[in-house]
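Beneath this line is the structure, given in C-alpha cells, with notes to follow.
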Amino acid sequence: MSLLSLGSGGGIRVEWRTSVALTGRVLKYLAVPLCVPLVVALLYGDDILTFAVAVVATFLLGFALEQLDPDPDLGAREALLMVALTWLAVAVVGTLPYLIAGMGTDSTLAQPVNALFESMSGFTTTGATVMGNISFEQHSHALLLWRQLTQWLGGMGIVVLAIAILPELSVGGAQLMDAEAPGPGIEKLTPRIAETARVLWLVYAGITALEIVLLFVFHLVGLAPAMDNLVAGTDHAAAAYNAVAHGLTTMPTGGFSPEARSIEAFSAAVQWLIIPFMFAAGVNFALTWRLLSGEPRALLDDIEFRAYSGIVGVFSVVLATLLFTGGADVGPGALDFYSGIAGDIEASLRHAVFQTLAMVTTTGYASIDFNAWSQPLKYLLLFAMFIGGSAGSTGGGIKIVRWIVIIKSVKRELFTSIHPEAVSPVRLGGNAIDERAVRGIQAFTLVYMLCFGFGAALLMLDAARVGLDLSAFEGIAAAASTVGNVGPGFGRLGPMGFYEFFPVPSKLLMTFLMWIGRLEIIPVLVLLTSSYWRS
Amino acid sequence: MRVIVVGAGEVGSSIAADLSSDHEVTVVDIDGGQVESISYGEDVLGVEGDGSDVETLEEAGIEETDMLIASTNDDRTNIVTCGTASVFDDVFTIARVKSPQYLRTWERGSRVFGADFMVCTDLLAAETITGVIGLATAQDVDTFADGAVQMAEFEIPAESPVAGQTVEEADRFDSLTFAAILRGDSIIIPRGETRIEADDDVIVIGSPESTRAFSAAIAPEQSGPKDIVIVGGSEVGYQTAKLLEARGFSPRFVEHDPDRARWLAEKLPKTTVMQNDATDREFLDREHVGTADVLISTLENDQQNLLACLLAEQLGVDRTIAVVDTVQFADIFEAVGVDVAVSPREATAGEITRFTRGRRAENVALIEGNRAEVLEFEVDEDSDAVGCTIRALAGELPDDVVFGAITREETLITPRGDTMLAAGDHVVVFASASAIDAVTGVL
C-alpha cells in the first residue's frame, strides 16, 4: 500500500533517494574488492573478462545510483532503509561474476536465482551452497576466491566497513551500525563512530591475517599435507591459496570452502588450528579489542563471554562423550571411517569441539560428515544452531546475550507471580537492563522463531507442491540454517550436500531468510510497516 | 575560639547553642527572622545575609575567625560557602551535606571544595542504623580506630541473664572493657564487684567481635537479625540498604513510587524491592512482613515513620527503627513503642559539635546527649604520655575516666594497669562531660 504512493512523493516521510544514493556509494566501492579476484585471475592465467566486466558494471551502477541525491543527509529512517538496501544490492551485484562465468557452461550458478542464493549466502556468511560441483575443473580459482571473499566482506559488516571509510556516514553511523551489527545495541569503543568501525575491522582483519599465516606455516612444517594437493603436483601456491581461502571464511563465521569436503579434507592439525579461530569469531569483537589493548579482565568478567565458553564447553563434552562411546555409529552399514572415532579420545574430542563451534558460532564448517552421525547427535547440533554467537561477533543465530536475558526475565516472571509488587530489573553482570531492551529482546526472539517456523512450513508446502520428497527434519534444518546464517543442514543439506534441488520459490524464500537473518529481522520488518513510511 | 555558623536551621541552631557556652559564635542566615530569634534565644551574634557572599562573611568577622561551619539545608550553598571561606587562610571549614556524592568527591583529595571537614547527614544516619542493627540489643554504636574498636551502649532488659550479675561475672570477653553504667541520671564507673541491674545502660568498648558476643550474652535467644525490611526509599533508606548489602544482608525494601522503586532495584542487586504503600496492611500480611527481625522506617516524614513502625510492631516485627526528622520527637517515638529512633539532624549536629570540641581528638562519640563522651586520641611522639603506664595516667585523671581500648599498628590491646603507651598508639577513652578537659589536657 505504502509503495503505491512512492511516485507521488507527498505522503512519504522517508528520503528514500538519500538511502539509494548512499547504497550506490557503497556499491561503487565494492568494485575495489572485486579487483582482488581479477588479480588472482591474472596470476592463474584464467579468464580475466569475467571480473573486468563485473568491476566496471558495479562501479557504473553505483555511480548512477549515487546521482539520485548529490548531497545525502542521513536520518534515522534513511539509515534503516539504506542498510537493508545495501545488503540486497550487494548480494545482487555479487551475482555478476557467477552469472558471467557461468554463461554457456553447465554451472548451476548460471541460473540467476541460484546465483542470487549463492551470493546472499556468501555475504550473509551463511555458507549454504547451490554450487553443483565445487572443483577447480569446473570453476576458476578467481571465482572460488570471490565466493570466499564475499563472506569475509559480509562478516564484520559491509556498512561497518563503509562507516570506517566514508566520512559522510559518520553522523548517522551509530544508527547504521546498530541496524547492521549482530546483537542488541552496539558498544562505542571510541568517541568517534568511524574510529570504532575502523578498530573493529582492524581486529577482524588482523586475526584473519594471523590465521592465514598460521595455516601456511602448518603447510611449511608439514602439518598440513592435504592442503597443497588440490591441483596437480604439490606446491606452495596451492597451499597459500587454501590458507587464504579458509582464513577468509573462518573469522566471518562463513563456512564456504573451495574444498567440496570442507575441512574434512585437511589434517587433524589443521582442524585443531581452525578451532580457536572459530571460537574467537564467536566472541564480541569489542571484547577482543579490549583484550588486545591490555584489559584481559574485561573479557573474563563479561557474563556473555563466560556463558559462551560454558555452553561451548558443555556441548563439546557431551558430544565428545557420545562420539567416544560410539554414539556416532549408525549401525552396521556405517563406513569404517566413522566407526573409527569411537574409542579414540583425540578424534572424539576434536570432532566434538569442532562441530560444536561450527554450529554455535554458525560457521558451518565440517571436520567430518556429521550427517552420517546417529539421529540424537544431529538433534543436538540442530539445537546448537539456535544458540548463536555473542553480540558484536560475526556469528548469526539468536545470540547468547539474548538467551541470558530471556532466561533471567522468565525467572523474574516466576518470582513476581509470587511477589506481585516486587520490582526486579533483569541484570547482566552488575548492570540492570532497561525494560525496553528486555521487551526488544523478547520480541526479537519471538519473531525469529516465527520466521523459522513459517519458513520451515513454507518450504514443506513448496516441496509438496512440486512433489519433492523433503523430510521434516530437512525442512526444519533448512529454515533454521538459513535464518541463523549457519549453512549446512541435515539429510541432503548436510555439510557435503547442497541446496540446489529446492524449487525456485523455496530458494527465494531462503534467500529472504538469510537476508533478514543477517540484519536481525527487526530493521527489515520495520520497512514493511506503513508508519515507517508515513508518520 | 571564634566560630561562624552559616544557617540558623535546626542543625545550625543546635550547633550554635552547643558551642556558645565555650566559644564566641556568630550565626549567619539569609532569613532575618531566624537570625533575630537565635540571637535572642542564645548567646550568639547574628548576621543577616548570604553566607556564600564574601562581604557577608567579612561582616561576620571571618578574618578573626578560627572556624566556619556551613550548615544550611542546601548542600551546594554549604559547599560554596566553604569555598568562599577558604579564601581566608586561617579558617578551618566544615561543610554539612545531605547527599553522599559530595562526601565521596571530598574524600578523593585534600581540601576539596575548600572544606577541611565534611559531614554527610544521610550517610551518618544510615551508619547509625546499620550499627544498631548489627548488635541486636544495642541502642547506640560507634566505631573507632578505623573499625578496630567499637563502642556500644546496651540497655539491659529485666529478663536478660546479665541482669543481676556483677561486672566480673558478666565480663567473660578478652578484649572488652566495661566503660560505664548509666543508671537513671547517674554515671557509674564499674568495678569488678559492681552489680548490673535491669534497665541499666551499659557502655562497653572493645573489638567488634567482643561487643557482638556481649550483645548475644545479653539476649541469648536472639541470634542476630536475618530478615530486615526497610520501608521508604529516601536517601537514608537507600544508604542503609547499601551498607547492609555490604555486610552480607539481603534486605527487603518497600517504596511506593514506581520510578524510585525501579531505581533502587537497579542500584541494589541483593535487595528485593517491592513497589507498594508501606502502610497497606493487606500487602504487609501477604509479604509476611510480620516475621521480619527488624523493620527500618525511612519514609518522607515523621508521622509516616511512626505509623509504619507501630503497624510493624502490631504485625509482630521484633524490632523497629525509625528515622526522626524533628529532633524533639525522638523521645516520644521511643516512648510509644518504637525501639530505636535515629535523628539525622541530631547525629549531624552532634558530629559537628564533637568535632569542634575535640579537635585534638581523632574521633568522638557522645553518650546520652552530652552526659559523657568516648574519645579517640593518637599519642604523639613528643607527648608526655609516651612511656607512661595506664595506672600512672589514671592517677592524674578524675575517677570518671576509663581507658577502653588501645590499638597499636592496627592490633587491639586491652588496656591493663601496667600497659605502657607508645608513640603512634590510638587510645579510646570514656570520659564524663566534666572530665573531658582533663583528658584532652593529658593526652
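Chains: A, B, ... in order of the C-alpha cells. Residues: from 1 per chain. Ligands: from 1, in order shown.
For chain A, the residues close to chain B, meaning within 8 Å and counting only C-alpha atoms, are His419, Glu421, Ala422, Val423, Ser424, Pro425, Gly430, Asn431 and Ala432 of chain A.
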Got time to write the residues from that selection, C-alpha atoms, as a PDB file, in the first residue's frame?
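Saved file result-v7.pdb follows:
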```
ATOM      1  CA  HIS A 419       5.510 -11.353  44.870  1.00  0.00           C
ATOM      2  CA  GLU A 421       4.798  -5.916  43.999  1.00  0.00           C
ATOM      3  CA  ALA A 422       8.429  -6.895  43.549  1.00  0.00           C
ATOM      4  CA  VAL A 423      10.411  -4.619  41.266  1.00  0.00           C
ATOM      5  CA  SER A 424      13.222  -6.701  39.912  1.00  0.00           C
ATOM      6  CA  PRO A 425      15.261  -5.492  36.978  1.00  0.00           C
ATOM      7  CA  GLY A 430      26.121  -5.968  37.619  1.00  0.00           C
ATOM      8  CA  ASN A 431      24.060  -3.716  35.379  1.00  0.00           C
ATOM      9  CA  ALA A 432      20.298  -3.554  35.222  1.00  0.00           C
TER      10      ALA A 432
END
```
For this session: Would you list, as JSON, numbers by chain, the residues of stretch 251-480 of chain A that end up in alpha helix (DSSP H) under DSSP run on this structure's backbone?
Result: {"A": [268, 269, 270, 271, 272, 273, 274, 275, 276, 277, 278, 279, 280, 281, 285, 286, 287, 288, 289, 290, 291, 292, 296, 297, 298, 299, 300, 301, 303, 304, 305, 306, 307, 308, 309, 310, 311, 312, 313, 314, 315, 316, 317, 318, 319, 320, 321, 322, 323, 324, 336, 337, 338, 339, 345, 346, 347, 348, 349, 350, 351, 352, 353, 354, 355, 356, 357, 358, 359, 360, 375, 376, 377, 378, 379, 380, 381, 382, 383, 384, 385, 400, 401, 402, 403, 404, 405, 406, 407, 408, 409, 410, 411, 412, 413, 414, 415, 416, 417, 418, 435, 436, 437, 438, 439, 440, 441, 442, 443, 444, 445, 446, 447, 448, 449, 450, 451, 452, 453, 454, 455, 456, 457, 458, 459, 460, 461, 462, 463, 464, 465, 466, 472, 473, 474, 475, 476, 477, 478, 479, 480]}
Seminar exercise, completed: Restricting to only C-alpha atoms, whichever of B:Asp318, B:Asp43, B:Glu155, B:Asp400 is closest to B:Lys226 is B:Asp318
Exercise. Rounded to one decimal in Å, what is the spacing between atom CA of A:Arg297 and atom CA of A:Leu189?
Worked result: 16.0 Å
Please report as a Markdown table every residue of stretch 36-68 of chain B lying within 12 Å of stretch 94-99 of chain B, along with the nearest atom pair and their distance in Å (one decimal), using only C-alpha atoms.
```
| residue | atom | partner | partner_atom | distance |
| --- | --- | --- | --- | --- |
| B:Asp66 | CA | B:Ile94 | CA | 11.3 |
| B:Met67 | CA | B:Ile94 | CA | 7.8 |
| B:Leu68 | CA | B:Ile94 | CA | 6.2 |
```
Expected file: the selected residues, C-alpha atoms, as a short mmCIF file (atom, residue, chain, number, x, y, z; two decimals), in the first residue's frame:
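Wrote part-v2.cif, looks like this:
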```cif
data_model
loop_
_atom_site.label_atom_id
_atom_site.label_comp_id
_atom_site.auth_asym_id
_atom_site.auth_seq_id
_atom_site.Cartn_x
_atom_site.Cartn_y
_atom_site.Cartn_z
CA ASP B 66 39.08 30.19 63.62
CA MET B 67 36.31 28.01 62.29
CA LEU B 68 33.37 28.21 59.91
#
```
Problem set entry | stretch 178-189 of chain B environment, 8 Å, only C-alpha atoms, sequence neighbours closer than 5 positions dropped, as a PyMOL selection string | chain B and resi 167+171+196+199-205+399-400+402-404+430+432
Exercise. Can you list, as an MDAnalysis selection string, every protein, DNA or RNA residue that comes within 10 Å of B:Asp384 when you count only C-alpha atoms, leaving out same-chain residues fewer than 5 positions away?
Worked result: chainID B and resid 379 393 442:443
For this session: Find the residues near stretch 302-307 of chain B: any atom within 6 Å, counting only C-alpha atoms, skip ones fewer than 3 places away on the same chain, and give them as a list in words.
Result: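 So the residues in contact are Ser297, Leu299, Leu310, Ala322 and Val324 of chain B.
A straight line drawn from atom CA of A:Glu137 to atom CA of A:His236 is 19.5 Å long.
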Exercise. So which one's closest to B:Glu153, B:Gly206, B:Ala422, B:Thr166, B:Gly114? Using only C-alpha atoms, please.
Worked result: B:Gly206
For this session: Taking the DSSP assignment computed from this structure's backbone, write out as an MDAnalysis selection string all residues of stretch 204-395 of chain B that belong to strand (DSSP E or B).
Result: chainID B and resid 204:206 228:231 252:255 272:275 294:297 319:323 340:342 363:367 372:378 389
Exercise. Using only C-alpha atoms, which residues sit within 9 Å of A:Ala391 once same-chain residues fewer than 2 positions away are excluded, as a list in words?
Worked result: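 The neighbour list is Ala181, Pro182, Gly183, Pro184, Gly185, Ile186, Gly282, Val283, Asn284, Phe285, Glu304, Gly388, Gly389, Ser393, Thr394, Gly395, Lys399, Ile400, Val401 and Arg402 of chain A.
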